[in-house]
Amino acid sequence: MGLPDFCFLLSHPLNQQGIALQSEGISAFTDITSMLPNLIVVLYALLPVALLTSASLPSGVFYALIAASLALLVQKRFAGAAEQTYRYRWLIASYSVLFLSVAVSSIYYGDWAGANSEGALRFFLGLWVLLLALPHINPQKLKHSLWGVLIAGLVSTIILLSLIASGNPRPLTPGLILTTYSSIMLLLGAISVYALKWQLTPWPKSEGFLKVLVALATFAAFIFAQTRTGLLGLPLFIVLGVAVFVGLKRWARAVTVVAIACAIMLAIVFSNDALRGRIAVGISEVVACKTEEGYAFSSMCIRIQLWQSALEAGVTHPWVGLGDGGRYGDYLEHTALPKGLVAQSTVDIYFGEPHNDVLLMLAAFGLPGAIGLLLIYFAPCFYFLPRLLGKEVPTGTRAAAAMGLAVCLGFFLFGLPETMFRRMNTMGFYVAFVALFVVMTDYRIASKRCRYN
């Protein structure tokens with residue numbers, strides 16, 4: 001075909017119409033893909049709200065977040081993916097340990113641990129995908145994910161206080177049991193305080209008032225919920241707050257501020273008669289757990305039985321565990337009970353987990369499983385700590401590092417007397433916000449690595 005013929009074809013009305021339609025299609029596709037960063041931020045904001053209001057929505061929001069992140073990576077043709085993977089190779093590798101332990105144990109027993117493997121993949125692949133995708137989004141835009149924390153704090157406070165006001169002091173909360181629910185509320189309140197160092201709107205005073213309101217509201221609701229687990233995180237949240245707002249360079253002043261803040265918090269906690277009574281009962285239950293007749297039937301004593309049974313399961317199966325966290329309940333009945341590790345009354349209630357996340361992984365997948373979960377808690381801390389305590393770290397970055405440490409160490413502390421990862425919803429929330437704060441604290445090379453939208 002010669003050049004005149006080609007020009008004639010291009011000038012034909014039907015061909016011009018086809019070219020126009022094709023251009024419109026490309027334009028529409030470009031518009032959709034350009035919205036991906038905004039979509040990711042919206043999904044981030046929805047995640048904590050869904051977690052504290054629904055049992056079914058959080059997983060859908062999490063997987064939509066991962067899908068949108070993958071779409072963004074495809075749009076960017078995985079630019080910088082190799083560099084980012086290498087930069088965080090040890091963190092990504094540490095998050096793979098739990099999945100590998102699940103896989104090895106499943107292969108050994110010839111029965112795949114389905115739910116446990118999905119949870120482990122949420123940690124591993126979820127972190128990896130988000131670490132690659134989030135650097136392609138403007139950090140100031142990513143900060144608006146915090147609106148979900150603020151909204152979730154207010155909404156969960158209203159829900160919890162209304163349930164308590166209806167006459168049940170320890171009500172059934174949406175999606176999560178009360179202990180997990182109130183602990184996450186306390187965590188959201190702490191993040192709201194650190195976020196005073198993040199400015200999201202042109203109205204800093206009003207914005208600051210809202211953040212303080214969320215922190216006070218979630219703390220008040222936590223006190224009214226009378227749960228003891230969240231108290232383990234309070235000293236941590238106070239220390240991190242002092243690091244953000246006061247600094248730790250002058251250790252004497254920092255220690256003084258921490259001591260004063262802890263004293264105030266303890267005074268508030270012990271001013272609530274019901275919560276003070278529950279703390280006293282918990283201590284007495286531990287002391288009176290073992291009796292001549294066997295084990296006392298009490299909340300803390302049941303936990304002690306579950307802990308020692310899970311430890312026994314892990315010790316007797318150190319490399320592969322029981323092969324599945326779902327087998328722990330049967331282990332209690334058929335092995336722990338004959339050994340005298342639990343009472344019949346504890347078996348009859350049929351606890352499917354030992355009220356401790358690390359011990360559950362130890363029992364289910366042996367020492368590798370426990371190590372894998374500990375790495376999920378502590379590996380990010382090796383990135384957050386230097387970014388919190390560094391000499392020339394920007395204030396906003398320091399605040400993000402405190403948020404990351406609050407999530408990682410808060411979940412670890414909450415998971416000592418309770419199974420925070422009982423549902424995969426909390427796993428998705430955890431890994432999403434760990435990845436977010438890792439990226440938000442990576443201030444040194446962000447401008448060089450990313451082409452912001």
# chains A, B, ... in the order shown; residues from 1 in each chain; ligands from 1
>>> residues_around(residues="stretch 171-188 of chain A", least_positions_apart="4", cutoff="8 Å", atoms="only C-alpha atoms", output="NGL selection string")
:A and (51-56 or 149-150 or 152-153 or 156-157 or 160 or 163-164 or 192 or 215 or 218-219 or 221-222 or 225 or 227-230 or 406-407 or 410 or 414 or 418-420 or 423)
>>> residues_around(residues="stretch 257-267 of chain A", least_positions_apart="5", cutoff="8 Å", atoms="only C-alpha atoms", output="ChimeraX atom specification")
/A:235,238-239,242
>>> closest_atom_pairs(of="stretch 297-409 of chain A", to="stretch 86-100 of chain A", cutoff="6 Å", atoms="only C-alpha atoms", output="CSV")
residue,atom,partner,partner_atom,distance
A:Gly369,CA,A:Leu98,CA,5.4
A:Gly372,CA,A:Leu98,CA,4.1
A:Leu375,CA,A:Ser94,CA,5.9
A:Ile376,CA,A:Tyr95,CA,5.7
>>> write_last_selection(atoms="N, CA, C and O atoms", output="short mmCIF file (atom, residue, chain, number, x, y, z; two decimals), in the first residue's frame")
data_model
loop_
_atom_site.label_atom_id
_atom_site.label_comp_id
_atom_site.auth_asym_id
_atom_site.auth_seq_id
_atom_site.Cartn_x
_atom_site.Cartn_y
_atom_site.Cartn_z
N GLY A 369 6.91 -21.83 63.64
CA GLY A 369 5.70 -21.02 63.61
C GLY A 369 5.75 -19.89 64.63
O GLY A 369 5.37 -18.75 64.32
N GLY A 372 8.20 -17.35 63.42
CA GLY A 372 7.61 -16.60 62.32
C GLY A 372 6.70 -15.49 62.79
O GLY A 372 6.75 -14.36 62.27
N LEU A 375 8.72 -12.68 64.43
CA LEU A 375 9.33 -11.83 63.41
C LEU A 375 8.32 -10.84 62.83
O LEU A 375 8.66 -9.69 62.52
N ILE A 376 7.08 -11.28 62.70
CA ILE A 376 6.03 -10.38 62.19
C ILE A 376 5.82 -9.22 63.15
O ILE A 376 5.55 -8.09 62.73
#
>>> select_by_dssp(residues="stretch 172-338 of chain A", states="strand (DSSP E)", output="ChimeraX atom specification")
/A:290-291,294-295
>>> write_last_selection(atoms="N, CA and C atoms", output="PDB file, in the first residue's frame")
ATOM      1  N   LYS A 290      -4.439 -23.183  91.172  1.00  0.00           N
ATOM      2  CA  LYS A 290      -4.197 -24.599  91.476  1.00  0.00           C
ATOM      3  C   LYS A 290      -4.703 -24.905  92.879  1.00  0.00           C
ATOM      4  N   THR A 291      -5.626 -25.864  92.971  1.00  0.00           N
ATOM      5  CA  THR A 291      -6.177 -26.267  94.259  1.00  0.00           C
ATOM      6  C   THR A 291      -5.921 -27.754  94.479  1.00  0.00           C
ATOM      7  N   GLY A 294      -7.820 -29.729  91.997  1.00  0.00           N
ATOM      8  CA  GLY A 294      -7.461 -29.572  90.587  1.00  0.00           C
ATOM      9  C   GLY A 294      -7.318 -28.104  90.237  1.00  0.00           C
ATOM     10  N   TYR A 295      -8.017 -27.692  89.210  1.00  0.00           N
ATOM     11  CA  TYR A 295      -7.934 -26.306  88.767  1.00  0.00           C
ATOM     12  C   TYR A 295      -9.234 -25.589  89.091  1.00  0.00           C
TER      13      TYR A 295
END
>>> atom_distance(atom1="atom CA of A:Gly340", atom2="atom CA of A:Glu312")
11.4 Å
>>> residues_around(residues="A:Ser69", least_positions_apart="2", cutoff="9 Å", atoms="only C-alpha atoms", output="MDAnalysis selection string")
chainID A and resid 36:37 40 64:67 71:74 129:130 132:134
>>> select_by_dssp(residues="stretch 74-311 of chain A", states="helix (DSSP H, G or I)", output="ChimeraX atom specification")
/A:74-75,81-87,89-109,114-136,139-165,178-197,204-225,229-245,251-270,273-287,299-311
>>> closest_atom_pairs(of="stretch 224-286 of chain A", to="stretch 382-405 of chain A", cutoff="9 Å", atoms="only C-alpha atoms", output="Markdown table")
| residue | atom | partner | partner_atom | distance |
| --- | --- | --- | --- | --- |
| A:Phe237 | CA | A:Ala402 | CA | 8.6 |
| A:Leu240 | CA | A:Ala402 | CA | 5.7 |
| A:Gly241 | CA | A:Ala402 | CA | 7.5 |
| A:Ala243 | CA | A:Leu388 | CA | 7.6 |
| A:Val244 | CA | A:Ala399 | CA | 5.9 |
| A:Phe245 | CA | A:Ala399 | CA | 8.8 |
| A:Gly247 | CA | A:Leu389 | CA | 8.2 |
| A:Leu248 | CA | A:Leu389 | CA | 7.7 |
| A:Lys249 | CA | A:Leu389 | CA | 8.7 |
>>> write_last_selection(atoms="C-alpha atoms", output="compact mmCIF listing (two decimals), in the first residue's frame")
# COMPACT_ATOMS: atom_id res chain seq x y z
CA PHE A 237 1.72 4.17 74.14
CA LEU A 240 5.99 6.49 72.37
CA GLY A 241 4.01 9.69 72.92
CA ALA A 243 9.32 10.19 72.28
CA VAL A 244 7.23 12.06 69.70
CA PHE A 245 6.33 15.19 71.66
CA GLY A 247 12.02 13.51 72.83
CA LEU A 248 14.26 11.04 74.59
CA LYS A 249 17.58 12.89 74.31
>>> residues_around(residues="A:Leu47", least_positions_apart="6", cutoff="10 Å", atoms="only C-alpha atoms", output="list in words")
Leu57, Pro58, Ser59, Gly60, Val61, Phe62, Leu65, Ser145, Gly148, Val149, Ala152, Asn425, Thr426, Gly428, Phe429, Ala432 and Phe433 of chain A
>>> closest_residue(among="A:Val438, A:Val342, A:Ala195, A:Ile158", to="A:Val212", atoms="only C-alpha atoms")
A:Ala195
>>> residues_around(residues="stretch 349-352 of chain A", least_positions_apart="2", cutoff="6 Å", atoms="only C-alpha atoms", output="list of chain:residue names")
A:Gly329, A:Thr346, A:Val347
>>> closest_residue(among="A:Leu161, A:Met300, A:Leu210, A:Ala50", to="A:Ile283", atoms="only C-alpha atoms")
A:Met300
>>> closest_residue(among="A:Leu436, A:Val286, A:Leu362, A:Ala343", to="A:Tyr328", atoms="only C-alpha atoms")
A:Leu362
